[in-house]
Amino acid sequence: MEVKTLNNSDLIKNPVIGQMSLSNHEQILFCNDNATGLKAIIAIHNTVLGPSLGGTRMWNYNNEMEALTDVLRLSRGMTYKSSVAGLNLGGGKAVIIGDPKKIKNEALLRRFGKFVDSLGGKYITAEDVAMTSRDMEIIKMETDYVSGLPENMGGSGNPSPVTAYGVYVSMKASAKEVWGNDSLSGKKVLVQGIGHVGEVLVDHLTKEGAKVYIHDISEERLKLAAAKYKAEVVTEDKMFDLDIDIYAPCALGATVNDETLGKLKCKIICGAANNQLADEKHHGEVVGKQGILYAPDYVVNAGGIINVYYELEGYNRERAMTHAEKIYDTTFNLFQLAKKEGIPTYMAANRLGEERIAAIARINAVL
Ligand code: NAD
């Protein structure tokens, strides 16, 4: 994918289409409705592989540029995630600007649904930060281009078991790369964040005989998980000093940073959280130089988008799980590419994503 570079003065003069051309975005829809107070941006990054799919995030951005930058970054990320996961989907994302507690209501969401509908299927929305499955039901009143609906509406329901399974198989592929065999039995694994994904991951790990350490800001979740899985609870101040084999970030982003890399003694980082590298280029390089194998987050956590993809085809959890199992091979193959090319693993993942899009674009051009 061609990515242009613009200098700062170009960007000041061309803050919108200039930014779009930097990341090679196809289209942006700016949505405004004075009656409901809706202000939203829908960004479509790339539709070579199929309709763009990505969640709608509601956030009280400080200004419009912050919202635009966020939606451009997130939609581009979706292109890579779906491409590497082998899905026939492009990348898109939407942001609704404003405090959900103050302005989110039925009329605003339905108006947003009408904007989604106006794109005729080029963008399919789903749940993201500050949106619920009930919100998706409301948006669905105005458009069919919604996925990630509850099971009682014929949707795919909670994606977390599929995501967690993808993380688990990705971890096994990472183990194979580092230790020559993919068994996690006896391996010491720190899982940070025992939420929807983290808990199911702990279940898989415990069943395979790993020694699991857990950390969460919720005392209640920790207590429950510790009792259920016999996992060892660790406090925040001790967590990165532990002598472990694998670190699985399953809470929040940017936990692979200067501070944690100065302490981490693990051989593998593989978890569900999005945007784990605080600075992709810098920490993506440093992590490898420290002898830690980083399994790129969007490859590892693709189970969520895989789950939603199968909803579009008439949901079948078995098919979604079978597809999620392929994350093992994808992870292993990208490690081989990184070694062959002498590049960091995050870069190898990006390259896999770009190569698939370029190959399918050539087929489309022929037909
Ligand atoms: P969740 O909200 O159910 O769980 C997150 C857990 O992390 C909670 O238990 C919370 O208490 C804990 N947490 C929050 N801040 C923390 C901190 N500073 N330190 C330790 N623990 C903290 O979320 P989830 O659905 O399990 O998703 C986990 C991560 O995976 C998120 O980053 C999410 O974006 C990403 N992800 C999830 C899916 C999915 O299918 N759910 C798919 C792709 C990516």
# chains A, B, ... in the order shown; residues from 1 in each chain; ligands from 1

$ closest_atom_pairs --of "chain A" --to "ligand 1" --cutoff "10 Å" --atoms "only C-alpha atoms and all ligand atoms" --output "JSON lines"
{"residue": "A:Asp128", "atom": "CA", "partner": "ligand 1", "partner_atom_place_in_ligand_line": "34 (O)", "distance": 8.4}
{"residue": "A:Val129", "atom": "CA", "partner": "ligand 1", "partner_atom_place_in_ligand_line": "34 (O)", "distance": 8.4}
{"residue": "A:Asn158", "atom": "CA", "partner": "ligand 1", "partner_atom_place_in_ligand_line": "40 (O)", "distance": 7.2}
{"residue": "A:Pro159", "atom": "CA", "partner": "ligand 1", "partner_atom_place_in_ligand_line": "40 (O)", "distance": 4.4}
{"residue": "A:Ser160", "atom": "CA", "partner": "ligand 1", "partner_atom_place_in_ligand_line": "40 (O)", "distance": 3.8}
{"residue": "A:Pro161", "atom": "CA", "partner": "ligand 1", "partner_atom_place_in_ligand_line": "40 (O)", "distance": 7.2}
{"residue": "A:Val162", "atom": "CA", "partner": "ligand 1", "partner_atom_place_in_ligand_line": "40 (O)", "distance": 7.0}
{"residue": "A:Thr163", "atom": "CA", "partner": "ligand 1", "partner_atom_place_in_ligand_line": "40 (O)", "distance": 4.8}
{"residue": "A:Ala164", "atom": "CA", "partner": "ligand 1", "partner_atom_place_in_ligand_line": "40 (O)", "distance": 7.4}
{"residue": "A:Gly166", "atom": "CA", "partner": "ligand 1", "partner_atom_place_in_ligand_line": "42 (C)", "distance": 9.7}
{"residue": "A:Val167", "atom": "CA", "partner": "ligand 1", "partner_atom_place_in_ligand_line": "43 (C)", "distance": 9.6}
{"residue": "A:Val191", "atom": "CA", "partner": "ligand 1", "partner_atom_place_in_ligand_line": "20 (C)", "distance": 9.1}
{"residue": "A:Gln192", "atom": "CA", "partner": "ligand 1", "partner_atom_place_in_ligand_line": "20 (C)", "distance": 5.5}
{"residue": "A:Gly193", "atom": "CA", "partner": "ligand 1", "partner_atom_place_in_ligand_line": "7 (O)", "distance": 3.6}
{"residue": "A:Ile194", "atom": "CA", "partner": "ligand 1", "partner_atom_place_in_ligand_line": "9 (O)", "distance": 4.6}
{"residue": "A:Gly195", "atom": "CA", "partner": "ligand 1", "partner_atom_place_in_ligand_line": "4 (O)", "distance": 3.2}
{"residue": "A:His196", "atom": "CA", "partner": "ligand 1", "partner_atom_place_in_ligand_line": "26 (O)", "distance": 3.6}
{"residue": "A:Val197", "atom": "CA", "partner": "ligand 1", "partner_atom_place_in_ligand_line": "26 (O)", "distance": 3.8}
{"residue": "A:Gly198", "atom": "CA", "partner": "ligand 1", "partner_atom_place_in_ligand_line": "26 (O)", "distance": 5.4}
{"residue": "A:Glu199", "atom": "CA", "partner": "ligand 1", "partner_atom_place_in_ligand_line": "26 (O)", "distance": 7.6}
{"residue": "A:Val200", "atom": "CA", "partner": "ligand 1", "partner_atom_place_in_ligand_line": "26 (O)", "distance": 8.8}
{"residue": "A:Leu201", "atom": "CA", "partner": "ligand 1", "partner_atom_place_in_ligand_line": "26 (O)", "distance": 9.6}
{"residue": "A:Ile214", "atom": "CA", "partner": "ligand 1", "partner_atom_place_in_ligand_line": "20 (C)", "distance": 9.1}
{"residue": "A:His215", "atom": "CA", "partner": "ligand 1", "partner_atom_place_in_ligand_line": "20 (C)", "distance": 5.8}
{"residue": "A:Asp216", "atom": "CA", "partner": "ligand 1", "partner_atom_place_in_ligand_line": "21 (N)", "distance": 3.5}
{"residue": "A:Ile217", "atom": "CA", "partner": "ligand 1", "partner_atom_place_in_ligand_line": "21 (N)", "distance": 4.5}
{"residue": "A:Ser218", "atom": "CA", "partner": "ligand 1", "partner_atom_place_in_ligand_line": "11 (O)", "distance": 4.8}
{"residue": "A:Glu219", "atom": "CA", "partner": "ligand 1", "partner_atom_place_in_ligand_line": "11 (O)", "distance": 8.4}
{"residue": "A:Glu220", "atom": "CA", "partner": "ligand 1", "partner_atom_place_in_ligand_line": "11 (O)", "distance": 9.1}
{"residue": "A:Arg221", "atom": "CA", "partner": "ligand 1", "partner_atom_place_in_ligand_line": "9 (O)", "distance": 6.4}
{"residue": "A:Leu222", "atom": "CA", "partner": "ligand 1", "partner_atom_place_in_ligand_line": "9 (O)", "distance": 8.4}
{"residue": "A:Thr235", "atom": "CA", "partner": "ligand 1", "partner_atom_place_in_ligand_line": "20 (C)", "distance": 9.4}
{"residue": "A:Glu236", "atom": "CA", "partner": "ligand 1", "partner_atom_place_in_ligand_line": "19 (N)", "distance": 7.4}
{"residue": "A:Pro249", "atom": "CA", "partner": "ligand 1", "partner_atom_place_in_ligand_line": "29 (C)", "distance": 7.7}
{"residue": "A:Cys250", "atom": "CA", "partner": "ligand 1", "partner_atom_place_in_ligand_line": "29 (C)", "distance": 4.6}
{"residue": "A:Ala251", "atom": "CA", "partner": "ligand 1", "partner_atom_place_in_ligand_line": "7 (O)", "distance": 3.8}
{"residue": "A:Leu252", "atom": "CA", "partner": "ligand 1", "partner_atom_place_in_ligand_line": "32 (O)", "distance": 4.4}
{"residue": "A:Gly253", "atom": "CA", "partner": "ligand 1", "partner_atom_place_in_ligand_line": "32 (O)", "distance": 6.1}
{"residue": "A:Ala254", "atom": "CA", "partner": "ligand 1", "partner_atom_place_in_ligand_line": "32 (O)", "distance": 9.9}
{"residue": "A:Thr255", "atom": "CA", "partner": "ligand 1", "partner_atom_place_in_ligand_line": "18 (N)", "distance": 9.1}
{"residue": "A:Gly271", "atom": "CA", "partner": "ligand 1", "partner_atom_place_in_ligand_line": "30 (O)", "distance": 7.7}
{"residue": "A:Ala272", "atom": "CA", "partner": "ligand 1", "partner_atom_place_in_ligand_line": "30 (O)", "distance": 4.2}
{"residue": "A:Ala273", "atom": "CA", "partner": "ligand 1", "partner_atom_place_in_ligand_line": "32 (O)", "distance": 3.5}
{"residue": "A:Asn274", "atom": "CA", "partner": "ligand 1", "partner_atom_place_in_ligand_line": "32 (O)", "distance": 5.0}
{"residue": "A:Asn275", "atom": "CA", "partner": "ligand 1", "partner_atom_place_in_ligand_line": "32 (O)", "distance": 8.1}
{"residue": "A:Gln276", "atom": "CA", "partner": "ligand 1", "partner_atom_place_in_ligand_line": "32 (O)", "distance": 8.6}
{"residue": "A:Asp297", "atom": "CA", "partner": "ligand 1", "partner_atom_place_in_ligand_line": "44 (C)", "distance": 8.3}
{"residue": "A:Tyr298", "atom": "CA", "partner": "ligand 1", "partner_atom_place_in_ligand_line": "43 (C)", "distance": 7.7}
{"residue": "A:Val299", "atom": "CA", "partner": "ligand 1", "partner_atom_place_in_ligand_line": "43 (C)", "distance": 9.7}
{"residue": "A:Val300", "atom": "CA", "partner": "ligand 1", "partner_atom_place_in_ligand_line": "43 (C)", "distance": 8.5}
{"residue": "A:Asn301", "atom": "CA", "partner": "ligand 1", "partner_atom_place_in_ligand_line": "43 (C)", "distance": 4.8}
{"residue": "A:Ala302", "atom": "CA", "partner": "ligand 1", "partner_atom_place_in_ligand_line": "43 (C)", "distance": 6.3}
{"residue": "A:Gly303", "atom": "CA", "partner": "ligand 1", "partner_atom_place_in_ligand_line": "42 (C)", "distance": 6.5}
{"residue": "A:Gly304", "atom": "CA", "partner": "ligand 1", "partner_atom_place_in_ligand_line": "40 (O)", "distance": 4.3}
{"residue": "A:Ile305", "atom": "CA", "partner": "ligand 1", "partner_atom_place_in_ligand_line": "42 (C)", "distance": 7.2}
{"residue": "A:Ile306", "atom": "CA", "partner": "ligand 1", "partner_atom_place_in_ligand_line": "42 (C)", "distance": 9.6}
{"residue": "A:Asn307", "atom": "CA", "partner": "ligand 1", "partner_atom_place_in_ligand_line": "40 (O)", "distance": 8.4}
{"residue": "A:Val308", "atom": "CA", "partner": "ligand 1", "partner_atom_place_in_ligand_line": "40 (O)", "distance": 9.6}

$ write_last_selection --atoms "C-alpha atoms" --output "PDB file, in the first residue's frame"
ATOM      1  CA  ASP A 128     -16.488  -0.528  20.575  1.00  0.00           C
ATOM      2  CA  VAL A 129     -15.628   1.700  23.546  1.00  0.00           C
ATOM      3  CA  ASN A 158     -19.882 -12.467  23.158  1.00  0.00           C
ATOM      4  CA  PRO A 159     -16.686 -12.733  21.051  1.00  0.00           C
ATOM      5  CA  SER A 160     -14.363 -13.218  24.028  1.00  0.00           C
ATOM      6  CA  PRO A 161     -14.155 -17.055  24.031  1.00  0.00           C
ATOM      7  CA  VAL A 162     -13.091 -16.957  20.359  1.00  0.00           C
ATOM      8  CA  THR A 163     -10.598 -14.161  21.052  1.00  0.00           C
ATOM      9  CA  ALA A 164      -9.174 -16.024  24.048  1.00  0.00           C
ATOM     10  CA  GLY A 166      -6.901 -17.241  19.359  1.00  0.00           C
ATOM     11  CA  VAL A 167      -4.567 -15.828  22.020  1.00  0.00           C
ATOM     12  CA  VAL A 191      -1.918 -12.686  32.622  1.00  0.00           C
ATOM     13  CA  GLN A 192      -2.619  -8.996  33.212  1.00  0.00           C
ATOM     14  CA  GLY A 193      -6.372  -8.322  33.115  1.00  0.00           C
ATOM     15  CA  ILE A 194      -8.749 -11.131  34.105  1.00  0.00           C
ATOM     16  CA  GLY A 195     -11.751  -9.844  32.190  1.00  0.00           C
ATOM     17  CA  HIS A 196     -13.810 -11.483  29.458  1.00  0.00           C
ATOM     18  CA  VAL A 197     -10.777 -12.607  27.470  1.00  0.00           C
ATOM     19  CA  GLY A 198      -8.229 -12.942  30.282  1.00  0.00           C
ATOM     20  CA  GLU A 199     -10.328 -15.346  32.309  1.00  0.00           C
ATOM     21  CA  VAL A 200     -10.942 -17.741  29.414  1.00  0.00           C
ATOM     22  CA  LEU A 201      -7.237 -17.604  28.587  1.00  0.00           C
ATOM     23  CA  ILE A 214      -2.748 -13.080  37.545  1.00  0.00           C
ATOM     24  CA  HIS A 215      -3.109  -9.361  38.046  1.00  0.00           C
ATOM     25  CA  ASP A 216      -6.148  -7.086  37.771  1.00  0.00           C
ATOM     26  CA  ILE A 217      -7.227  -3.780  39.290  1.00  0.00           C
ATOM     27  CA  SER A 218     -10.447  -5.479  40.367  1.00  0.00           C
ATOM     28  CA  GLU A 219      -9.909  -7.264  43.698  1.00  0.00           C
ATOM     29  CA  GLU A 220     -13.146  -9.116  43.201  1.00  0.00           C
ATOM     30  CA  ARG A 221     -12.179 -10.578  39.823  1.00  0.00           C
ATOM     31  CA  LEU A 222      -8.806 -11.605  41.217  1.00  0.00           C
ATOM     32  CA  THR A 235       0.416  -7.037  42.895  1.00  0.00           C
ATOM     33  CA  GLU A 236       1.096  -4.266  40.398  1.00  0.00           C
ATOM     34  CA  PRO A 249      -1.297  -8.295  28.406  1.00  0.00           C
ATOM     35  CA  CYS A 250      -5.088  -8.636  28.451  1.00  0.00           C
ATOM     36  CA  ALA A 251      -6.176  -5.353  30.016  1.00  0.00           C
ATOM     37  CA  LEU A 252      -5.072  -2.148  28.377  1.00  0.00           C
ATOM     38  CA  GLY A 253      -2.684  -0.859  25.708  1.00  0.00           C
ATOM     39  CA  ALA A 254       0.849   0.591  25.833  1.00  0.00           C
ATOM     40  CA  THR A 255       2.106  -1.768  28.563  1.00  0.00           C
ATOM     41  CA  GLY A 271      -1.849 -11.197  24.783  1.00  0.00           C
ATOM     42  CA  ALA A 272      -5.241  -9.819  23.786  1.00  0.00           C
ATOM     43  CA  ALA A 273      -4.872  -6.099  24.508  1.00  0.00           C
ATOM     44  CA  ASN A 274      -4.868  -3.698  21.560  1.00  0.00           C
ATOM     45  CA  ASN A 275      -1.888  -1.417  20.830  1.00  0.00           C
ATOM     46  CA  GLN A 276       0.462  -3.095  23.329  1.00  0.00           C
ATOM     47  CA  ASP A 297      -1.321  -7.862  19.106  1.00  0.00           C
ATOM     48  CA  TYR A 298      -3.666  -7.516  16.157  1.00  0.00           C
ATOM     49  CA  VAL A 299      -2.679 -10.949  14.851  1.00  0.00           C
ATOM     50  CA  VAL A 300      -3.082 -12.518  18.294  1.00  0.00           C
ATOM     51  CA  ASN A 301      -6.460 -10.953  19.122  1.00  0.00           C
ATOM     52  CA  ALA A 302      -8.104 -11.395  15.705  1.00  0.00           C
ATOM     53  CA  GLY A 303     -10.621 -13.880  17.156  1.00  0.00           C
ATOM     54  CA  GLY A 304     -12.975 -10.969  17.855  1.00  0.00           C
ATOM     55  CA  ILE A 305     -13.180  -9.833  14.241  1.00  0.00           C
ATOM     56  CA  ILE A 306     -13.231 -13.446  13.044  1.00  0.00           C
ATOM     57  CA  ASN A 307     -16.277 -14.045  15.230  1.00  0.00           C
ATOM     58  CA  VAL A 308     -18.097 -11.018  13.854  1.00  0.00           C
TER      59      VAL A 308
END

$ residues_around --residues "Lys93 in chain A" --least-positions-apart "2" --cutoff "12 Å" --atoms "only C-alpha atoms" --output "ChimeraX atom specification"
/A:25,27-29,40-46,51-58,67-79,90-91,95-96,116,122-129

$ residues_around --residues "range 327-332 of chain A" --least-positions-apart "5" --cutoff "10 Å" --atoms "only C-alpha atoms" --output "PyMOL selection string"
chain A and resi 84-86+165-177+295-296+299-303+322+337+345+349+352

$ atom_distance --atom1 "CA of Asp144 in chain A" --atom2 "CA of Asn34 in chain A"
24.2 Å

$ atom_distance --atom1 "CA of Gly314 in chain A" --atom2 "CA of Met136 in chain A"
17.4 Å

$ atom_distance --atom1 "CA of Tyr213 in chain A" --atom2 "CA of Gly288 in chain A"
23.5 Å

$ residues_around --residues "Tyr61 in chain A" --least-positions-apart "2" --cutoff "7 Å" --atoms "only C-alpha atoms" --output "CSV table (one decimal) with N, CA, C and O atoms, in the first residue's frame"
chain,number,residue,atom,x,y,z
A,59,TRP,N,-16.6,8.9,22.3
A,59,TRP,CA,-15.6,9.4,23.2
A,59,TRP,C,-15.7,10.9,23.2
A,59,TRP,O,-16.0,11.5,22.2
A,63,ASN,N,-11.1,17.8,20.8
A,63,ASN,CA,-11.4,18.6,19.6
A,63,ASN,C,-11.6,17.7,18.4
A,63,ASN,O,-11.3,16.5,18.5
A,66,GLU,N,-8.5,15.6,17.1
A,66,GLU,CA,-8.2,14.4,17.9
A,66,GLU,C,-9.1,13.3,17.4
A,66,GLU,O,-8.6,12.1,17.3
A,67,ALA,N,-10.4,13.6,17.2
A,67,ALA,CA,-11.3,12.5,16.8
A,67,ALA,C,-10.9,12.0,15.4
A,67,ALA,O,-10.9,10.8,15.1
A,97,ILE,N,-18.6,11.8,18.6
A,97,ILE,CA,-17.9,12.8,19.4
A,97,ILE,C,-18.9,13.2,20.5
A,97,ILE,O,-20.0,13.7,20.2
A,98,GLY,N,-18.5,13.1,21.8
A,98,GLY,CA,-19.3,13.5,22.9
A,98,GLY,C,-19.3,12.6,24.1
A,98,GLY,O,-18.9,11.4,24.0

$ closest_residue --among "A:Met141, A:Pro15, A:Ser83, A:Leu38" --to "Gly353 in chain A" --atoms "only C-alpha atoms"
A:Ser83

$ select_by_dssp --residues "range 104-215 of chain A" --states "helix (DSSP H, G or I)" --output "compact mmCIF listing (two decimals) with N, CA, C and O atoms, in the first residue's frame"
# COMPACT_ATOMS: atom_id res chain seq x y z
N GLU A 106 -31.64 7.23 22.09
CA GLU A 106 -32.16 6.45 20.95
C GLU A 106 -32.11 7.25 19.65
O GLU A 106 -31.66 6.76 18.61
N ALA A 107 -32.56 8.50 19.71
CA ALA A 107 -32.64 9.30 18.48
C ALA A 107 -31.25 9.51 17.87
O ALA A 107 -31.06 9.38 16.65
N LEU A 108 -30.28 9.81 18.73
CA LEU A 108 -28.91 10.04 18.23
C LEU A 108 -28.37 8.76 17.58
O LEU A 108 -27.79 8.81 16.48
N LEU A 109 -28.58 7.63 18.23
CA LEU A 109 -28.05 6.38 17.69
C LEU A 109 -28.75 6.00 16.37
O LEU A 109 -28.12 5.53 15.43
N ARG A 110 -30.06 6.26 16.31
CA ARG A 110 -30.79 5.92 15.08
C ARG A 110 -30.36 6.84 13.93
O ARG A 110 -30.26 6.42 12.78
N ARG A 111 -30.11 8.09 14.27
CA ARG A 111 -29.62 9.03 13.24
C ARG A 111 -28.26 8.55 12.73
O ARG A 111 -27.99 8.60 11.54
N PHE A 112 -27.42 8.09 13.67
CA PHE A 112 -26.12 7.56 13.28
C PHE A 112 -26.32 6.34 12.36
O PHE A 112 -25.65 6.19 11.34
N GLY A 113 -27.28 5.50 12.72
CA GLY A 113 -27.59 4.32 11.90
C GLY A 113 -27.96 4.71 10.47
O GLY A 113 -27.58 4.03 9.51
N LYS A 114 -28.68 5.82 10.33
CA LYS A 114 -29.05 6.27 8.97
C LYS A 114 -27.81 6.68 8.17
O LYS A 114 -27.72 6.43 6.97
N PHE A 115 -26.85 7.30 8.85
CA PHE A 115 -25.60 7.65 8.16
C PHE A 115 -24.85 6.39 7.72
O PHE A 115 -24.33 6.33 6.61
N VAL A 116 -24.79 5.40 8.61
CA VAL A 116 -24.13 4.14 8.26
C VAL A 116 -24.83 3.54 7.04
O VAL A 116 -24.19 3.11 6.07
N ASP A 117 -26.16 3.58 7.06
CA ASP A 117 -26.93 2.99 5.96
C ASP A 117 -26.66 3.71 4.64
O ASP A 117 -26.68 3.10 3.58
N SER A 118 -26.43 5.03 4.74
CA SER A 118 -26.24 5.81 3.51
C SER A 118 -25.00 5.36 2.74
O SER A 118 -24.85 5.66 1.55
N SER A 133 -24.29 -3.72 23.39
CA SER A 133 -25.04 -4.50 22.39
C SER A 133 -26.45 -3.93 22.24
O SER A 133 -27.04 -3.99 21.16
N ARG A 134 -26.98 -3.33 23.30
CA ARG A 134 -28.30 -2.67 23.19
C ARG A 134 -28.21 -1.48 22.21
O ARG A 134 -29.11 -1.27 21.41
N ASP A 135 -27.09 -0.74 22.24
CA ASP A 135 -26.91 0.36 21.28
C ASP A 135 -26.90 -0.18 19.85
O ASP A 135 -27.44 0.45 18.93
N MET A 136 -26.27 -1.34 19.68
CA MET A 136 -26.22 -1.94 18.33
C MET A 136 -27.63 -2.31 17.86
O MET A 136 -27.98 -2.15 16.70
N GLU A 137 -28.44 -2.80 18.81
CA GLU A 137 -29.83 -3.15 18.46
C GLU A 137 -30.56 -1.90 17.96
O GLU A 137 -31.35 -1.95 17.03
N ILE A 138 -30.28 -0.76 18.61
CA ILE A 138 -30.96 0.49 18.22
C ILE A 138 -30.48 0.94 16.84
O ILE A 138 -31.28 1.30 15.98
N ILE A 139 -29.17 0.89 16.62
CA ILE A 139 -28.62 1.29 15.31
C ILE A 139 -29.21 0.39 14.22
O ILE A 139 -29.52 0.83 13.11
N LYS A 140 -29.41 -0.88 14.58
CA LYS A 140 -29.95 -1.88 13.62
C LYS A 140 -31.37 -1.51 13.15
O LYS A 140 -31.82 -1.97 12.10
N GLU A 151 -26.89 -12.90 20.72
CA GLU A 151 -27.35 -14.17 20.15
C GLU A 151 -28.86 -14.22 19.96
O GLU A 151 -29.37 -14.78 19.00
N ASN A 152 -29.60 -13.57 20.89
CA ASN A 152 -31.07 -13.62 20.77
C ASN A 152 -31.59 -12.79 19.60
O ASN A 152 -32.79 -12.76 19.33
N MET A 153 -30.70 -12.08 18.92
CA MET A 153 -31.09 -11.37 17.70
C MET A 153 -30.47 -12.03 16.47
O MET A 153 -30.35 -11.42 15.40
N SER A 160 -15.56 -12.99 23.20
CA SER A 160 -14.36 -13.22 24.03
C SER A 160 -13.85 -14.66 24.03
O SER A 160 -12.63 -14.86 24.00
N PRO A 161 -14.71 -15.69 24.06
CA PRO A 161 -14.16 -17.06 24.03
C PRO A 161 -13.36 -17.32 22.75
O PRO A 161 -12.34 -18.02 22.78
N VAL A 162 -13.81 -16.75 21.63
CA VAL A 162 -13.09 -16.96 20.36
C VAL A 162 -11.77 -16.18 20.40
O VAL A 162 -10.72 -16.69 20.00
N THR A 163 -11.83 -14.96 20.93
CA THR A 163 -10.60 -14.16 21.05
C THR A 163 -9.59 -14.88 21.96
O THR A 163 -8.41 -14.99 21.62
N ALA A 164 -10.07 -15.36 23.09
CA ALA A 164 -9.17 -16.02 24.05
C ALA A 164 -8.55 -17.28 23.43
O ALA A 164 -7.37 -17.57 23.65
N TYR A 165 -9.33 -18.01 22.66
CA TYR A 165 -8.79 -19.21 22.01
C TYR A 165 -7.69 -18.83 21.02
O TYR A 165 -6.64 -19.48 20.95
N GLY A 166 -7.92 -17.73 20.29
CA GLY A 166 -6.90 -17.24 19.36
C GLY A 166 -5.62 -16.86 20.09
O GLY A 166 -4.51 -17.15 19.63
N VAL A 167 -5.75 -16.22 21.24
CA VAL A 167 -4.57 -15.83 22.02
C VAL A 167 -3.82 -17.09 22.47
O VAL A 167 -2.59 -17.17 22.38
N TYR A 168 -4.59 -18.06 22.91
CA TYR A 168 -4.00 -19.32 23.40
C TYR A 168 -3.20 -20.03 22.30
O TYR A 168 -2.04 -20.41 22.50
N VAL A 169 -3.79 -20.15 21.09
CA VAL A 169 -3.07 -20.87 20.02
C VAL A 169 -1.86 -20.06 19.54
O VAL A 169 -0.82 -20.60 19.18
N SER A 170 -2.02 -18.74 19.57
CA SER A 170 -0.91 -17.87 19.18
C SER A 170 0.26 -18.02 20.16
O SER A 170 1.43 -18.02 19.79
N MET A 171 -0.08 -18.17 21.43
CA MET A 171 0.93 -18.36 22.47
C MET A 171 1.65 -19.69 22.26
O MET A 171 2.87 -19.80 22.43
N LYS A 172 0.90 -20.70 21.84
CA LYS A 172 1.51 -22.00 21.58
C LYS A 172 2.49 -21.91 20.39
O LYS A 172 3.58 -22.47 20.42
N ALA A 173 2.07 -21.17 19.36
CA ALA A 173 2.95 -21.00 18.19
C ALA A 173 4.21 -20.25 18.60
O ALA A 173 5.31 -20.55 18.12
N SER A 174 4.06 -19.29 19.51
CA SER A 174 5.22 -18.52 19.99
C SER A 174 6.15 -19.44 20.78
O SER A 174 7.37 -19.36 20.67
N ALA A 175 5.54 -20.32 21.59
CA ALA A 175 6.34 -21.27 22.37
C ALA A 175 7.14 -22.18 21.44
O ALA A 175 8.31 -22.48 21.68
N LYS A 176 6.49 -22.60 20.36
CA LYS A 176 7.17 -23.49 19.40
C LYS A 176 8.39 -22.77 18.81
O LYS A 176 9.46 -23.35 18.64
N GLU A 177 8.21 -21.50 18.50
CA GLU A 177 9.31 -20.72 17.93
C GLU A 177 10.48 -20.58 18.93
O GLU A 177 11.63 -20.71 18.55
N VAL A 178 10.14 -20.35 20.19
CA VAL A 178 11.19 -20.10 21.18
C VAL A 178 11.81 -21.39 21.72
O VAL A 178 13.03 -21.50 21.85
N TRP A 179 10.97 -22.37 22.04
CA TRP A 179 11.48 -23.58 22.71
C TRP A 179 11.46 -24.83 21.82
O TRP A 179 11.82 -25.92 22.28
N HIS A 196 -13.14 -10.51 30.33
CA HIS A 196 -13.81 -11.48 29.46
C HIS A 196 -12.83 -12.39 28.73
O HIS A 196 -13.03 -13.59 28.63
N VAL A 197 -11.75 -11.81 28.20
CA VAL A 197 -10.78 -12.61 27.47
C VAL A 197 -9.79 -13.27 28.43
O VAL A 197 -9.53 -14.47 28.35
N GLY A 198 -9.26 -12.46 29.37
CA GLY A 198 -8.23 -12.94 30.28
C GLY A 198 -8.67 -14.18 31.05
O GLY A 198 -7.90 -15.14 31.17
N GLU A 199 -9.89 -14.20 31.51
CA GLU A 199 -10.33 -15.35 32.31
C GLU A 199 -10.37 -16.63 31.47
O GLU A 199 -9.92 -17.69 31.93
N VAL A 200 -10.88 -16.52 30.25
CA VAL A 200 -10.94 -17.74 29.41
C VAL A 200 -9.53 -18.21 29.05
O VAL A 200 -9.25 -19.41 28.99
N LEU A 201 -8.63 -17.24 28.87
CA LEU A 201 -7.24 -17.60 28.59
C LEU A 201 -6.64 -18.35 29.78
O LEU A 201 -5.98 -19.39 29.61
N VAL A 202 -6.89 -17.86 30.98
CA VAL A 202 -6.39 -18.52 32.19
C VAL A 202 -6.92 -19.96 32.25
O VAL A 202 -6.19 -20.90 32.61
N ASP A 203 -8.16 -20.14 31.85
CA ASP A 203 -8.76 -21.47 31.84
C ASP A 203 -7.97 -22.40 30.91
O ASP A 203 -7.58 -23.51 31.30
N HIS A 204 -7.72 -21.94 29.66
CA HIS A 204 -6.95 -22.76 28.71
C HIS A 204 -5.56 -23.09 29.28
O HIS A 204 -5.10 -24.23 29.19
N LEU A 205 -4.92 -22.07 29.84
CA LEU A 205 -3.54 -22.26 30.33
C LEU A 205 -3.49 -23.23 31.49
O LEU A 205 -2.61 -24.10 31.57
N THR A 206 -4.46 -23.10 32.39
CA THR A 206 -4.49 -23.98 33.56
C THR A 206 -4.70 -25.42 33.12
O THR A 206 -4.05 -26.34 33.63
N LYS A 207 -5.62 -25.59 32.16
CA LYS A 207 -5.90 -26.96 31.68
C LYS A 207 -4.66 -27.58 31.06
O LYS A 207 -4.50 -28.79 31.07

$ residues_around --residues "Tyr315 in chain A" --least-positions-apart "4" --cutoff "6 Å" --atoms "only C-alpha atoms" --output "VMD selection string"
chain A and resid 156 310 to 311

$ select_by_dssp --residues "range 3-204 of chain A" --states "strand (DSSP E or B)" --output "number ranges by chain"
A: 27-33, 38-46, 52-53, 56-59, 90-97, 123-125, 127, 146, 188-192
